[in-house]
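Chemist: This is my_file-v4.csv (CSV, C-alpha atoms).
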```
chain,number,residue,atom,x,y,z
A,1,MET,CA,-39.7,-23.2,-9.5
A,2,SER,CA,-37.6,-26.3,-8.8
A,3,ARG,CA,-34.6,-26.2,-6.5
A,4,LYS,CA,-32.3,-27.1,-9.4
A,5,THR,CA,-33.6,-24.2,-11.6
A,6,LYS,CA,-33.2,-21.8,-8.7
A,7,ASN,CA,-29.6,-22.9,-8.1
A,8,THR,CA,-28.9,-22.5,-11.8
A,9,LEU,CA,-30.3,-19.0,-11.8
A,10,GLU,CA,-28.3,-18.0,-8.7
A,11,LEU,CA,-25.2,-19.4,-10.3
A,12,VAL,CA,-25.8,-17.5,-13.5
A,13,ALA,CA,-26.5,-14.3,-11.6
A,14,MET,CA,-23.3,-14.7,-9.6
A,15,TYR,CA,-21.1,-15.2,-12.7
A,16,ALA,CA,-22.8,-12.3,-14.4
A,17,ILE,CA,-21.9,-10.0,-11.4
A,18,ILE,CA,-18.3,-11.3,-11.5
A,19,ALA,CA,-18.1,-10.7,-15.2
A,20,LEU,CA,-19.4,-7.2,-14.8
A,21,VAL,CA,-16.9,-6.4,-12.0
A,22,PHE,CA,-14.1,-7.9,-14.2
A,23,VAL,CA,-15.1,-5.6,-17.1
A,24,ILE,CA,-15.3,-2.5,-14.8
A,25,ILE,CA,-11.8,-3.3,-13.5
A,26,MET,CA,-10.1,-4.4,-16.7
A,27,TYR,CA,-11.4,-1.8,-19.1
A,28,PRO,CA,-9.5,1.2,-17.7
A,29,LEU,CA,-6.4,-0.9,-17.3
A,30,LEU,CA,-6.5,-2.0,-20.9
A,31,TRP,CA,-7.0,1.6,-22.0
A,32,ALA,CA,-4.0,2.7,-20.0
A,33,PHE,CA,-1.9,-0.1,-21.5
A,34,GLY,CA,-3.2,0.7,-25.0
A,35,MET,CA,-2.4,4.4,-24.5
A,36,SER,CA,1.1,3.6,-23.3
A,37,LEU,CA,1.8,1.8,-26.7
A,38,ASN,CA,0.5,4.7,-28.8
A,39,PRO,CA,3.5,6.4,-30.5
A,40,SER,CA,1.9,9.9,-30.3
A,41,SER,CA,1.5,11.9,-27.1
A,42,ASN,CA,-2.1,13.1,-27.8
A,43,LEU,CA,-4.8,11.7,-25.6
A,44,TYR,CA,-7.5,12.1,-28.2
A,45,GLY,CA,-5.6,10.3,-30.9
A,46,ALA,CA,-5.0,7.3,-28.7
A,47,SER,CA,-6.8,4.0,-29.2
A,48,LEU,CA,-7.4,0.9,-27.1
A,49,ILE,CA,-5.6,-1.3,-29.7
A,50,PRO,CA,-3.0,1.0,-31.5
A,51,GLU,CA,-2.3,0.1,-35.1
A,52,ASN,CA,1.4,1.2,-35.0
A,53,TRP,CA,2.2,0.2,-31.4
A,54,SER,CA,5.6,1.1,-29.9
A,55,PHE,CA,7.5,1.1,-26.7
A,56,VAL,CA,8.9,4.6,-27.4
A,57,HIS,CA,7.3,6.1,-24.3
A,58,TYR,CA,8.8,3.4,-22.0
A,59,GLU,CA,12.2,4.1,-23.6
A,60,TRP,CA,11.7,7.9,-23.1
A,61,LEU,CA,11.0,7.4,-19.3
A,62,PHE,CA,14.3,5.6,-18.8
A,63,THR,CA,16.7,7.2,-21.3
A,64,ASN,CA,15.6,10.8,-21.8
A,65,PRO,CA,17.7,13.4,-19.8
A,66,ARG,CA,14.6,15.4,-19.1
A,67,SER,CA,12.9,12.5,-17.4
A,68,ASN,CA,13.2,12.1,-13.7
A,69,TYR,CA,11.2,8.8,-13.7
A,70,LEU,CA,14.1,6.7,-12.4
A,71,THR,CA,14.6,9.1,-9.5
A,72,TRP,CA,10.9,9.1,-8.7
A,73,TYR,CA,10.9,5.3,-8.8
A,74,LYS,CA,13.9,5.1,-6.5
A,75,ASN,CA,12.3,7.5,-4.0
A,76,THR,CA,9.1,5.5,-4.0
A,77,LEU,CA,10.9,2.2,-3.5
A,78,ILE,CA,12.9,3.7,-0.6
A,79,VAL,CA,9.7,5.0,1.1
A,80,SER,CA,7.7,1.8,0.4
A,81,LEU,CA,10.4,-0.6,1.7
A,82,SER,CA,11.1,1.6,4.7
A,83,VAL,CA,7.4,1.8,5.6
A,84,ALA,CA,6.8,-1.9,5.0
A,85,THR,CA,9.8,-3.0,7.1
A,86,VAL,CA,9.9,-0.5,10.0
A,87,GLY,CA,6.1,0.0,10.1
A,88,THR,CA,5.4,-3.7,10.2
A,89,LEU,CA,8.0,-4.2,13.0
A,90,LEU,CA,6.6,-1.4,15.1
A,91,VAL,CA,3.0,-2.6,14.5
A,92,SER,CA,4.0,-6.1,15.7
A,93,PHE,CA,5.7,-4.7,18.8
A,94,THR,CA,2.6,-2.6,19.6
A,95,ALA,CA,0.2,-5.4,19.0
A,96,TYR,CA,2.2,-7.8,21.1
A,97,ALA,CA,2.3,-5.4,24.0
A,98,PHE,CA,-1.5,-4.8,23.9
A,99,SER,CA,-2.2,-8.5,23.5
A,100,ARG,CA,0.1,-10.1,26.1
A,101,TYR,CA,0.6,-7.4,28.8
A,102,ARG,CA,-1.8,-5.8,31.2
A,103,PHE,CA,-0.8,-2.2,32.1
A,104,ARG,CA,-2.4,1.1,33.1
A,105,GLY,CA,-4.0,2.8,30.2
A,106,ARG,CA,-4.3,-0.3,28.1
A,107,THR,CA,-8.0,-0.1,27.6
A,108,TYR,CA,-7.9,3.6,26.8
A,109,GLY,CA,-5.1,2.9,24.4
A,110,LEU,CA,-7.3,0.4,22.5
A,111,TYR,CA,-10.1,2.9,22.5
A,112,ALA,CA,-7.7,5.5,21.1
A,113,PHE,CA,-6.8,3.2,18.2
A,114,LEU,CA,-10.4,2.7,17.4
A,115,LEU,CA,-11.0,6.4,17.5
A,116,LEU,CA,-8.1,7.3,15.3
A,117,GLN,CA,-9.3,4.9,12.7
A,118,MET,CA,-12.4,7.0,12.2
A,119,PHE,CA,-10.5,10.1,11.0
A,120,PRO,CA,-8.5,10.3,7.8
A,121,VAL,CA,-4.9,11.5,7.9
A,122,LEU,CA,-6.0,14.4,5.7
A,123,MET,CA,-7.6,16.0,8.7
A,124,ALA,CA,-4.2,16.4,10.3
A,125,MET,CA,-2.4,17.8,7.3
A,126,VAL,CA,-2.0,21.3,8.6
A,127,ALA,CA,-0.6,20.0,11.9
A,128,LEU,CA,1.7,17.6,10.2
A,129,TYR,CA,2.9,20.3,7.8
A,130,ILE,CA,3.7,22.6,10.8
A,131,LEU,CA,5.4,19.8,12.7
A,132,LEU,CA,7.6,18.7,9.8
A,133,ASN,CA,8.5,22.3,9.1
A,134,THR,CA,9.4,22.9,12.8
A,135,ILE,CA,11.8,19.9,13.0
A,136,GLY,CA,13.3,20.5,9.5
A,137,LEU,CA,11.9,17.4,7.8
A,138,LEU,CA,9.6,19.2,5.3
A,139,ASP,CA,10.4,18.3,1.7
A,140,SER,CA,12.3,15.2,2.7
A,141,LEU,CA,11.7,11.5,2.2
A,142,LEU,CA,12.4,10.9,5.9
A,143,GLY,CA,9.5,13.1,7.0
A,144,LEU,CA,7.2,11.3,4.5
A,145,ILE,CA,8.3,7.9,5.9
A,146,ILE,CA,7.6,9.0,9.5
A,147,ILE,CA,4.1,10.2,8.7
A,148,TYR,CA,3.3,7.0,6.8
A,149,ILE,CA,4.5,4.8,9.6
A,150,GLY,CA,2.7,6.8,12.3
A,151,GLY,CA,-0.5,6.9,10.3
A,152,ASN,CA,-0.6,3.1,9.7
A,153,ILE,CA,0.0,2.0,13.3
A,154,PRO,CA,-3.5,2.5,14.8
A,155,MET,CA,-5.4,0.4,12.3
A,156,ASN,CA,-2.8,-2.3,11.7
A,157,ALA,CA,-1.9,-2.7,15.4
A,158,PHE,CA,-5.5,-3.3,16.3
A,159,LEU,CA,-5.7,-5.9,13.5
A,160,VAL,CA,-2.5,-7.7,14.5
A,161,LYS,CA,-3.5,-7.5,18.1
A,162,GLY,CA,-6.6,-9.5,17.3
A,163,TYR,CA,-4.5,-12.2,15.7
A,164,PHE,CA,-2.1,-12.4,18.6
A,165,ASP,CA,-5.1,-12.9,20.9
A,166,THR,CA,-5.9,-16.1,19.1
A,167,LEU,CA,-2.5,-17.6,19.8
A,168,PRO,CA,-2.5,-19.7,23.0
A,169,LYS,CA,-0.8,-18.0,25.9
A,170,GLU,CA,0.4,-21.4,27.0
A,171,LEU,CA,3.1,-21.0,24.4
A,172,ASP,CA,4.5,-18.0,26.3
A,173,GLU,CA,4.3,-19.8,29.6
A,174,SER,CA,6.1,-22.9,28.3
A,175,ALA,CA,8.8,-20.8,26.9
A,176,LYS,CA,9.2,-18.9,30.1
A,177,MET,CA,9.6,-22.1,32.0
A,178,ASP,CA,12.4,-23.0,29.6
A,179,GLY,CA,14.2,-19.7,30.4
A,180,ALA,CA,13.1,-17.7,27.4
A,181,GLY,CA,12.8,-13.9,27.8
A,182,HIS,CA,10.2,-11.6,26.3
A,183,PHE,CA,12.2,-10.8,23.2
A,184,ARG,CA,13.0,-14.5,22.5
A,185,ILE,CA,9.3,-15.4,22.9
A,186,PHE,CA,8.3,-12.6,20.6
A,187,PHE,CA,10.8,-13.2,17.8
A,188,GLN,CA,11.1,-17.0,17.9
A,189,ILE,CA,7.6,-18.1,18.8
A,190,LEU,CA,4.9,-15.5,18.1
A,191,LEU,CA,6.3,-13.8,15.0
A,192,PRO,CA,6.7,-17.1,13.0
A,193,LEU,CA,3.1,-17.9,13.9
A,194,ALA,CA,1.9,-14.5,12.9
A,195,LYS,CA,3.4,-14.5,9.4
A,196,PRO,CA,0.0,-14.5,7.6
A,197,ILE,CA,-1.3,-11.3,9.2
A,198,LEU,CA,2.1,-9.6,9.1
A,199,ALA,CA,2.3,-10.3,5.4
A,200,VAL,CA,-1.0,-8.5,4.9
A,201,VAL,CA,0.2,-5.5,6.9
A,202,ALA,CA,3.5,-5.4,5.0
A,203,LEU,CA,1.8,-5.5,1.6
A,204,PHE,CA,-0.6,-2.7,2.5
A,205,ASN,CA,2.2,-0.6,3.9
A,206,PHE,CA,4.3,-1.3,0.7
A,207,MET,CA,1.4,-0.3,-1.6
A,208,ASN,CA,0.4,2.9,0.1
A,209,PRO,CA,3.3,5.1,-1.0
A,210,PHE,CA,2.8,4.0,-4.6
A,211,MET,CA,-0.9,5.0,-4.6
A,212,ASP,CA,-1.0,8.0,-2.4
A,213,PHE,CA,-0.8,11.5,-3.9
A,214,ILE,CA,-2.2,14.0,-1.4
A,215,LEU,CA,0.4,13.5,1.4
A,216,PRO,CA,3.5,13.7,-0.9
A,217,ARG,CA,1.8,16.7,-2.6
A,218,ILE,CA,1.7,18.6,0.7
A,219,ILE,CA,5.1,17.5,2.1
A,220,LEU,CA,7.4,17.4,-1.0
A,221,ARG,CA,8.5,20.4,-2.9
A,222,SER,CA,11.6,19.5,-4.9
A,223,PRO,CA,11.2,17.5,-8.1
A,224,GLU,CA,14.2,15.3,-7.1
A,225,ASN,CA,12.2,14.2,-4.0
A,226,TYR,CA,9.0,13.4,-5.7
A,227,THR,CA,7.4,10.0,-5.5
A,228,LEU,CA,5.8,8.3,-8.6
A,229,ALA,CA,2.3,9.5,-8.0
A,230,LEU,CA,3.4,13.1,-7.6
A,231,GLY,CA,5.9,13.0,-10.4
A,232,LEU,CA,3.5,11.4,-12.9
A,233,PHE,CA,0.8,13.9,-12.0
A,234,ASN,CA,3.1,16.7,-13.2
A,235,PHE,CA,3.2,15.0,-16.6
A,236,VAL,CA,-0.4,16.1,-17.3
A,237,ASN,CA,-0.7,19.0,-14.9
A,238,ASP,CA,2.0,21.4,-16.1
A,239,GLN,CA,0.9,24.2,-18.4
A,240,PHE,CA,1.0,23.2,-22.1
A,241,SER,CA,1.9,19.7,-21.1
A,242,ASN,CA,0.6,16.9,-23.4
A,243,ASN,CA,2.2,13.7,-21.9
A,244,PHE,CA,-0.8,11.5,-21.4
A,245,THR,CA,0.7,8.5,-23.1
A,246,ARG,CA,3.9,8.9,-21.2
A,247,PHE,CA,1.8,9.2,-18.0
A,248,ALA,CA,0.1,5.9,-18.9
A,249,ALA,CA,3.4,4.1,-19.5
A,250,GLY,CA,4.7,5.3,-16.2
A,251,ALA,CA,1.5,4.3,-14.4
A,252,ILE,CA,1.7,0.8,-15.9
A,253,LEU,CA,5.2,0.2,-14.6
A,254,ILE,CA,4.0,0.9,-11.0
A,255,ALA,CA,2.4,-2.5,-11.0
A,256,VAL,CA,5.7,-4.3,-11.3
A,257,PRO,CA,7.0,-4.0,-7.7
A,258,ILE,CA,3.5,-4.4,-6.2
A,259,ALA,CA,2.9,-7.5,-8.2
A,260,SER,CA,6.4,-8.8,-7.2
A,261,VAL,CA,5.7,-8.3,-3.5
A,262,TYR,CA,2.2,-9.8,-3.9
A,263,LEU,CA,3.6,-13.0,-5.5
A,264,PHE,CA,6.3,-13.2,-2.9
A,265,LEU,CA,3.8,-13.0,0.0
A,266,GLN,CA,0.9,-14.8,-1.8
A,267,LYS,CA,1.1,-18.0,0.3
A,268,TYR,CA,0.4,-16.0,3.5
A,269,LEU,CA,-2.1,-13.5,2.2
A,270,ILE,CA,-5.3,-15.7,2.0
A,271,SER,CA,-5.0,-17.0,5.5
A,272,GLY,CA,-3.9,-13.6,6.8
A,273,LEU,CA,-6.9,-11.7,5.3
A,274,SER,CA,-9.4,-14.3,6.6
A,275,ALA,CA,-7.7,-14.3,10.0
A,276,GLY,CA,-7.9,-10.5,10.3
A,277,ALA,CA,-11.5,-10.5,9.3
A,278,THR,CA,-12.7,-13.3,11.7
A,279,LYS,CA,-10.2,-13.2,14.6
A,280,GLY,CA,-10.0,-9.4,15.2
```
So that I can check it, write out the structure of this file as structure tokens.
Modeler:
Amino acid sequence: MSRKTKNTLELVAMYAIIALVFVIIMYPLLWAFGMSLNPSSNLYGASLIPENWSFVHYEWLFTNPRSNYLTWYKNTLIVSLSVATVGTLLVSFTAYAFSRYRFRGRTYGLYAFLLLQMFPVLMAMVALYILLNTIGLLDSLLGLIIIYIGGNIPMNAFLVKGYFDTLPKELDESAKMDGAGHFRIFFQILLPLAKPILAVVALFNFMNPFMDFILPRIILRSPENYTLALGLFNFVNDQFSNNFTRFAAGAILIAVPIASVYLFLQKYLISGLSAGATKG
């Protein structure tokens, strides 16, 4: 077999795999979008390409008095924006301290971060439930935000710390000679250089509350405090409920804020993902 033929076969195989993955990803998305346009609420009567398509389910989500969709959307945005902002700032502070300072317990702290990454948050659900109940933050968005921020710190701090390690320490020393303090070095020199990796962390922190179901299910009890994942689940979980097409419409709209944040941070994401993979 000639080298040209071999390269052609490899290229065809690569595109075939990409096409297969594309079909696997897009097929359920197209089905969800098609279901959201079906005027009926019956799952079995839905079709991928509805004949009499309608936006009646989207209208119901926003205008029907029995729908709490806007409340759930607002709650999720509050949690996501809080986690993305506060969580990214705390992660950057933590990563900066472990990257630039030498203190007692630093090595063991890094080992603790590695160890905590091995265990899912689900293992600590009982302890978290008791803790939030003790301090009066059970069934509150604040308690959910605190758990999300604390759970994201170990993995993200280790990732950002690896990026900070690649930035020359001569920058810090030059700034100190010019009279800059630690906070000025951090905010005016290192943070602008670390925008790519911080954009990745912010995006992941923002996406998590939209996708997570288990943690809100354990912490939240009142319907007015539900996030989107938990609220939409009740569309199809309640007894005698038959709201699969409304569920699909609500799920499709989840992509709007995530796509908006992705487009806003797009110029930083490629370099940030590659930096986190090779410089950690």
Chemist: Find the residue from A:Tyr268, A:Phe158, A:Phe33, A:Phe210 that sits nearest to Ile197 of chain A; use only C-alpha atoms when measuring.
Modeler: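 The answer is A:Tyr268, which sits nearest to Ile197 of chain A.
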Chemist: For Phe62 of chain A, please output as a CSV table (one decimal) with C-alpha atoms, in the coordinates of the input all residues within 12 Å (counting only C-alpha atoms; exclusion window: fewer than 5 positions along the same chain).
Modeler:
```
chain,number,residue,atom,x,y,z
A,55,PHE,CA,7.5,1.1,-26.7
A,56,VAL,CA,8.9,4.6,-27.4
A,57,HIS,CA,7.3,6.1,-24.3
A,67,SER,CA,12.9,12.5,-17.4
A,68,ASN,CA,13.2,12.1,-13.7
A,69,TYR,CA,11.2,8.8,-13.7
A,70,LEU,CA,14.1,6.7,-12.4
A,71,THR,CA,14.6,9.1,-9.5
A,72,TRP,CA,10.9,9.1,-8.7
A,73,TYR,CA,10.9,5.3,-8.8
A,246,ARG,CA,3.9,8.9,-21.2
A,249,ALA,CA,3.4,4.1,-19.5
A,250,GLY,CA,4.7,5.3,-16.2
A,253,LEU,CA,5.2,0.2,-14.6
```
Chemist: How close does segment 6-93 of chain A get to segment 127-148 of chain A? List, as a Markdown table, each residue of segment 6-93 of chain A within 12 Å, its nearest atom pair and the distance in Å to one decimal, counting all atoms listed in the file.
Modeler:
```
| residue | atom | partner | partner_atom | distance |
| --- | --- | --- | --- | --- |
| A:Trp72 | CA | A:Leu141 | CA | 11.2 |
| A:Lys74 | CA | A:Leu141 | CA | 11.0 |
| A:Asn75 | CA | A:Leu141 | CA | 7.4 |
| A:Thr76 | CA | A:Leu141 | CA | 9.0 |
| A:Leu77 | CA | A:Leu141 | CA | 10.9 |
| A:Ile78 | CA | A:Leu141 | CA | 8.4 |
| A:Val79 | CA | A:Ile145 | CA | 5.8 |
| A:Ser80 | CA | A:Ile145 | CA | 8.2 |
| A:Leu81 | CA | A:Ile145 | CA | 9.7 |
| A:Ser82 | CA | A:Ile145 | CA | 7.0 |
| A:Val83 | CA | A:Ile145 | CA | 6.2 |
| A:Ala84 | CA | A:Tyr148 | CA | 9.7 |
| A:Thr85 | CA | A:Ile145 | CA | 11.1 |
| A:Val86 | CA | A:Ile145 | CA | 9.5 |
| A:Gly87 | CA | A:Tyr148 | CA | 8.2 |
| A:Thr88 | CA | A:Tyr148 | CA | 11.4 |
| A:Leu90 | CA | A:Ile146 | CA | 11.9 |
```
Chemist: Do you know which residues are at most 10 Å from Pro216 of chain A counting all atoms listed in the file, after dropping those on the same chain fewer than 3 positions away, and could you put them as JSON, numbers by chain?
Modeler: {"A": [139, 140, 141, 143, 144, 209, 212, 213, 219, 220, 221, 225, 226, 227, 228, 229, 230, 231]}
Chemist: Determine, counting all atoms listed in the file, which protein, DNA and RNA residues have an atom within 7 Å of an atom of Ser92 of chain A; residues of the same chain fewer than 3 positions away are not included. Present the result as JSON, numbers by chain.
Modeler: {"A": [88, 89, 95, 96, 157, 160]}
Chemist: Which residue gives the smallest distance to Phe244 of chain A among A:Met35, A:Leu171, A:Leu20, A:Leu159, with only C-alpha atoms counted?
Modeler: A:Met35
Chemist: Between A:Ile189, A:Val23, A:Pro196, A:Tyr58, which is the closest to Glu170 of chain A once you count all atoms listed in the file?
Modeler: A:Ile189
Chemist: What does the distance between atom CA of Val91 of chain A and atom CA of Pro154 of chain A come to in Å, to one decimal place?
Modeler: 8.3 Å
Chemist: Just the number, please: distance in Å from atom CA of Phe233 of chain A to atom CA of Leu61 of chain A, one decimal.
Modeler: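 Separating atom CA of Phe233 of chain A from atom CA of Leu61 of chain A is a distance of 14.1 Å.
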Chemist: Using all atoms listed in the file, which residue out of A:Ala251, A:Leu122, A:Met177, A:Tyr163 lies closest to Leu191 of chain A?
Modeler: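 Ranked by minimum distance to Leu191 of chain A, first place goes to A:Tyr163.
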Chemist: So the first atom is atom CA of Lys195 of chain A and the second is atom CA of Lys267 of chain A; what is the distance between them in Å, to one decimal place?
Modeler: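 For atom CA of Lys195 of chain A relative to atom CA of Lys267 of chain A, the distance reads 10.0 Å.
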Chemist: Which is closer to Ala248 of chain A than all the others in A:Leu215, A:Met123, A:Ala32, A:Val12, using all atoms listed in the file?
Modeler: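 For Ala248 of chain A, the nearest of the candidates is A:Ala32.
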Chemist: Which is closest to Pro120 of chain A among A:Val200, A:Leu269, A:Ala194, A:Ile214, if we use all atoms listed in the file?
Modeler: A:Ile214
Chemist: Do you know which residues are at most 7 Å from Trp53 of chain A counting all atoms listed in the file, after dropping those on the same chain fewer than 4 positions away, and could you put them as an mmCIF file with C-alpha atoms, in the coordinates of the input?
Modeler:
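Full text of around.cif as output:
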```
data_model
loop_
_atom_site.group_PDB
_atom_site.id
_atom_site.type_symbol
_atom_site.label_atom_id
_atom_site.label_comp_id
_atom_site.auth_asym_id
_atom_site.auth_seq_id
_atom_site.Cartn_x
_atom_site.Cartn_y
_atom_site.Cartn_z
ATOM 1 C CA LEU A 37 1.800 1.800 -26.700
ATOM 2 C CA ASN A 38 0.500 4.700 -28.800
ATOM 3 C CA PRO A 39 3.500 6.400 -30.500
#
```
